[in-house]
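Student: After the structure tokens below, expect a handful of questions from me.
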Amino acid sequence: MVAIIKTGYSIEKVFYYNENKVKENVAECIGAGNYPIDVDKMGFNVKLNRFLKQLELNENVKRNSVHISINFDPSENHSKEKLMAIADDYMEKIGFGQQPYLVYQHHDSGHPHIHLISINVQRDGTRIDMQNIGKNRSEPARKEIEERFGLVKAQGNKNSLDFPIKPIITGKIQYGRSESKKAITNVLGQVLSSYKYASFPELNAVLKQYNVLADRGNEDSKMFKAKGLMYRILDDDGKPIGVPIKASLFYNKPTLKFLEEKFASNKTNEVSDIRRVKNAIDMAFFRTQISLTELVQLLQKEGINTVFRKNEEGLVYGITYVDHTTKCVFNGSTLGKQYSAKAIQERCASTNPSEQKTTNLVSKKLHEITFETSKSEILTTLFGDDFRDNKYIGSSTIMGQLAEMLMQSEQTAYYLPYELRNKKKKRRGQSNNR
């Protein structure tokens, strides 16, 4: 069992969210606490007004709504009576036993869970202190309830879900609105809070791993100018499918404003996280000459997905790396010029077959060279008569670059300043004049 507590400024928003779930036939109100009549006899207004009337007792409390989700292991299937008993016991243990509350059972995700909504203004007008309620009251209550009701225990005693997300299989999605929203909610709930992204391309690089797209529309569209945002499901070819859903319709409100705040807070990246991705790319190129497809496969083995951005003609103009190990997302240019889309394509296509054969020959000849071998002998060993004919000097090939580097190194030694050259130590009593 995992309990998550959230507070807010509007009990109406929390109430409407759960009631809309009921209208969509993906939730039902299964019970209530401290209401005058049974929940099946209450209408919409009766449920809401019970909260509003009590909130009037202390209008100075601004953050007055309480929204709790109690989540169970996917293997558990509890009756409504047992769910209500768990809800009542939990509310009593965290200090809300005398507060009005409603209990909703949701059927819109891969694990069973219930939502409890309440207020933190008591009947005498005093406010219930919510500071550290998770650690001080909710966590002990969770452990006791798990034992009492024989529930699957939360791993690591963390106040977070431990249900891994899986890529969406679009063929199994019914393209009606509620099914699409359920699928997208599952992905957004994990990606938005877990990954470090600093722009729309970086965010979509992650979302596309699960066939979801955050879409602002074209720059000339009304939605873009109005700072609107939609979420869409993609098919296996990366094309939008089904009905797009407004960001404001999701419970967590992953709107443009919300994302821009996340972008700003995620701007700073740990040096170690950047280095891990760069090292993985460099090692892939160091091993052998590889194609773009082979690079993608090698990075995948390191837990890094490579996402290419293409124009309408299919030409690649951008690249983003998604590191699922550190949950970091990087544009190629963030890592450096040599990791950009253009540079990566050039690095993959830089060596032709004949040059690759030459590179292998260089590697073989290098084994014949010892530490005492002079630079002239090294050049002769590598290039033979071609070195004496200056065939490779100045060449753009790998062999030419190596020859030029060695020649430059040898020549530079002769032009060391006098002060930097080694001097013989004078013996005691010895003069410089002989």
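The chains in the structure tokens are called A, B, ... from first to last as shown; in each chain the residues are counted from 1, and the ligands are counted from 1 in the order shown.
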List as number ranges by chain the protein and nucleic acid residues near Asn305 of chain A, meaning an atom at most 8 Å away when only C-alpha atoms are counted, but skip any in the same chain fewer than 2 places from it.
Tutor: A: 296, 299-300, 303, 307, 321-324
Student: Where does DSSP see strand (DSSP E or B) in segment 36-171 of chain A, if you list the residues as a PDB file with C-alpha atoms, in the first residue's frame?
Tutor:
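Result file states-v2.pdb:
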```pdb
ATOM      1  CA  SER A  65      -8.270  21.071   0.273  1.00  0.00           C
ATOM      2  CA  VAL A  66      -6.810  17.614   0.957  1.00  0.00           C
ATOM      3  CA  HIS A  67      -6.564  14.970  -1.773  1.00  0.00           C
ATOM      4  CA  ILE A  68      -5.239  11.523  -0.871  1.00  0.00           C
ATOM      5  CA  SER A  69      -4.652   8.545  -3.127  1.00  0.00           C
ATOM      6  CA  ILE A  70      -4.224   5.090  -1.606  1.00  0.00           C
ATOM      7  CA  ASN A  71      -2.610   2.696  -4.047  1.00  0.00           C
ATOM      8  CA  TYR A 101     -14.637  13.079   3.350  1.00  0.00           C
ATOM      9  CA  LEU A 102     -15.630  11.251   0.182  1.00  0.00           C
ATOM     10  CA  VAL A 103     -14.105   8.021  -1.133  1.00  0.00           C
ATOM     11  CA  TYR A 104     -13.828   7.263  -4.875  1.00  0.00           C
ATOM     12  CA  GLN A 105     -12.675   3.997  -6.395  1.00  0.00           C
ATOM     13  CA  HIS A 106     -10.858   4.584  -9.710  1.00  0.00           C
ATOM     14  CA  HIS A 113      -6.469   2.572  -6.001  1.00  0.00           C
ATOM     15  CA  ILE A 114      -8.900   4.871  -4.226  1.00  0.00           C
ATOM     16  CA  HIS A 115      -9.054   8.651  -3.844  1.00  0.00           C
ATOM     17  CA  LEU A 116     -10.116  10.411  -0.648  1.00  0.00           C
ATOM     18  CA  ILE A 117     -11.023  14.108  -0.645  1.00  0.00           C
ATOM     19  CA  SER A 118     -11.481  16.242   2.448  1.00  0.00           C
ATOM     20  CA  ILE A 119     -10.747  19.639   4.029  1.00  0.00           C
ATOM     21  CA  VAL A 121     -10.807  23.117   8.594  1.00  0.00           C
ATOM     22  CA  ARG A 127      -6.993  24.290  11.119  1.00  0.00           C
TER      23      ARG A 127
END
```
Student: At a cut-off of 6 Å, using only C-alpha atoms, what residues contact segment 83-100 of chain A? Leave out same-chain residues fewer than 5 positions from it and give the result as an mmCIF file with N, CA and C atoms, in the first residue's frame.
Tutor:
```cif
data_model
loop_
_atom_site.group_PDB
_atom_site.id
_atom_site.type_symbol
_atom_site.label_atom_id
_atom_site.label_comp_id
_atom_site.auth_asym_id
_atom_site.auth_seq_id
_atom_site.Cartn_x
_atom_site.Cartn_y
_atom_site.Cartn_z
ATOM 1 N N GLY A 33 -17.580 9.887 4.742
ATOM 2 C CA GLY A 33 -17.400 9.951 6.178
ATOM 3 C C GLY A 33 -17.942 11.247 6.727
ATOM 4 N N ASN A 34 -18.758 11.144 7.816
ATOM 5 C CA ASN A 34 -19.320 12.306 8.500
ATOM 6 C C ASN A 34 -20.245 13.144 7.612
ATOM 7 N N ARG A 137 2.435 10.963 10.494
ATOM 8 C CA ARG A 137 1.153 10.283 10.705
ATOM 9 C C ARG A 137 0.813 9.264 9.623
ATOM 10 N N SER A 138 1.031 9.649 8.352
ATOM 11 C CA SER A 138 0.638 8.757 7.265
ATOM 12 C C SER A 138 1.493 7.490 7.217
ATOM 13 N N ALA A 141 0.605 5.033 9.945
ATOM 14 C CA ALA A 141 -0.725 4.504 9.646
ATOM 15 C C ALA A 141 -0.656 3.457 8.546
#
```
Student: DSSP says helix (DSSP H, G or I) for which residues of segment 166-287 of chain A? Put them as a compact mmCIF listing (two decimals) with C-alpha atoms, in the first residue's frame?
Tutor:
```txt
# COMPACT_ATOMS: atom_id res chain seq x y z
CA THR A 170 -1.34 1.61 -29.61
CA GLY A 171 -3.01 -1.39 -31.21
CA LYS A 172 -4.66 -2.25 -27.90
CA ARG A 177 -11.46 9.75 -25.04
CA SER A 178 -11.30 8.02 -21.65
CA GLU A 179 -8.98 5.26 -22.88
CA SER A 180 -6.61 7.75 -24.49
CA LYS A 181 -6.58 9.88 -21.38
CA LYS A 182 -5.90 6.84 -19.20
CA ALA A 183 -2.93 5.81 -21.32
CA ILE A 184 -1.43 9.31 -21.45
CA THR A 185 -2.00 9.90 -17.72
CA ASN A 186 -0.01 6.77 -16.94
CA VAL A 187 3.00 8.05 -18.87
CA LEU A 188 2.82 11.68 -17.75
CA GLY A 189 2.55 10.67 -14.11
CA GLN A 190 5.98 9.04 -14.28
CA VAL A 191 7.89 11.03 -16.91
CA LEU A 192 7.09 14.60 -15.82
CA SER A 193 8.29 14.10 -12.27
CA SER A 194 11.17 11.67 -12.88
CA PHE A 200 10.06 20.69 -25.53
CA PRO A 201 12.37 18.65 -27.79
CA GLU A 202 13.97 17.07 -24.72
CA LEU A 203 10.58 16.33 -23.10
CA ASN A 204 9.17 14.85 -26.30
CA ALA A 205 12.31 12.75 -26.71
CA VAL A 206 11.24 10.94 -23.54
CA LEU A 207 7.50 10.92 -24.21
CA LYS A 208 8.02 9.44 -27.67
CA GLN A 209 9.58 6.38 -26.04
CA TYR A 210 6.03 5.68 -24.85
CA LYS A 222 -4.49 29.75 -32.54
CA MET A 223 -3.46 27.19 -29.94
CA PHE A 224 0.21 28.19 -30.13
CA LYS A 225 -0.56 31.91 -29.91
CA ALA A 247 -3.43 19.65 -20.92
CA SER A 248 -5.88 21.41 -18.59
CA LEU A 249 -8.12 18.30 -18.53
CA LEU A 256 2.52 25.07 -20.83
CA LYS A 257 3.04 27.18 -17.70
CA PHE A 258 3.73 24.04 -15.65
CA LEU A 259 6.25 22.74 -18.19
CA GLU A 260 8.06 26.07 -18.53
CA GLU A 261 8.61 26.06 -14.77
CA LYS A 262 9.98 22.52 -15.04
CA PHE A 263 12.26 23.57 -17.91
CA ALA A 264 13.72 26.36 -15.78
CA SER A 265 14.28 24.14 -12.73
CA VAL A 271 28.68 17.16 -14.78
CA SER A 272 28.82 13.44 -14.01
CA ASP A 273 25.52 12.86 -15.85
CA ILE A 274 26.81 14.67 -18.94
CA ARG A 275 30.13 12.84 -18.80
CA ARG A 276 28.39 9.46 -18.67
CA VAL A 277 26.60 10.07 -21.98
CA LYS A 278 29.67 11.56 -23.66
CA ASN A 279 31.82 8.64 -22.56
CA ALA A 280 29.29 6.14 -23.87
CA ILE A 281 29.30 7.83 -27.29
CA ASP A 282 33.09 8.11 -27.42
CA MET A 283 33.53 4.48 -26.45
CA ALA A 284 31.13 3.41 -29.21
CA PHE A 285 33.29 5.17 -31.80
CA PHE A 286 36.54 4.03 -30.22
CA ARG A 287 35.76 0.34 -30.60
```
Student: What is the atom CA of Ile241 of chain A-atom CA of Leu213 of chain A distance in Å, reported with one decimal?
Tutor: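 A separation of 10.4 Å between them.
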Student: Can you measure atom CA of Pro112 of chain A to atom CA of Asn132 of chain A for me? One decimal in Å is fine.
Tutor: 26.1 Å
Student: One decimal, in Å: what's the spacing between atom CA of Glu312 of chain A and atom CA of Glu219 of chain A?
Tutor: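 That distance, rounded to one decimal, is 15.8 Å.
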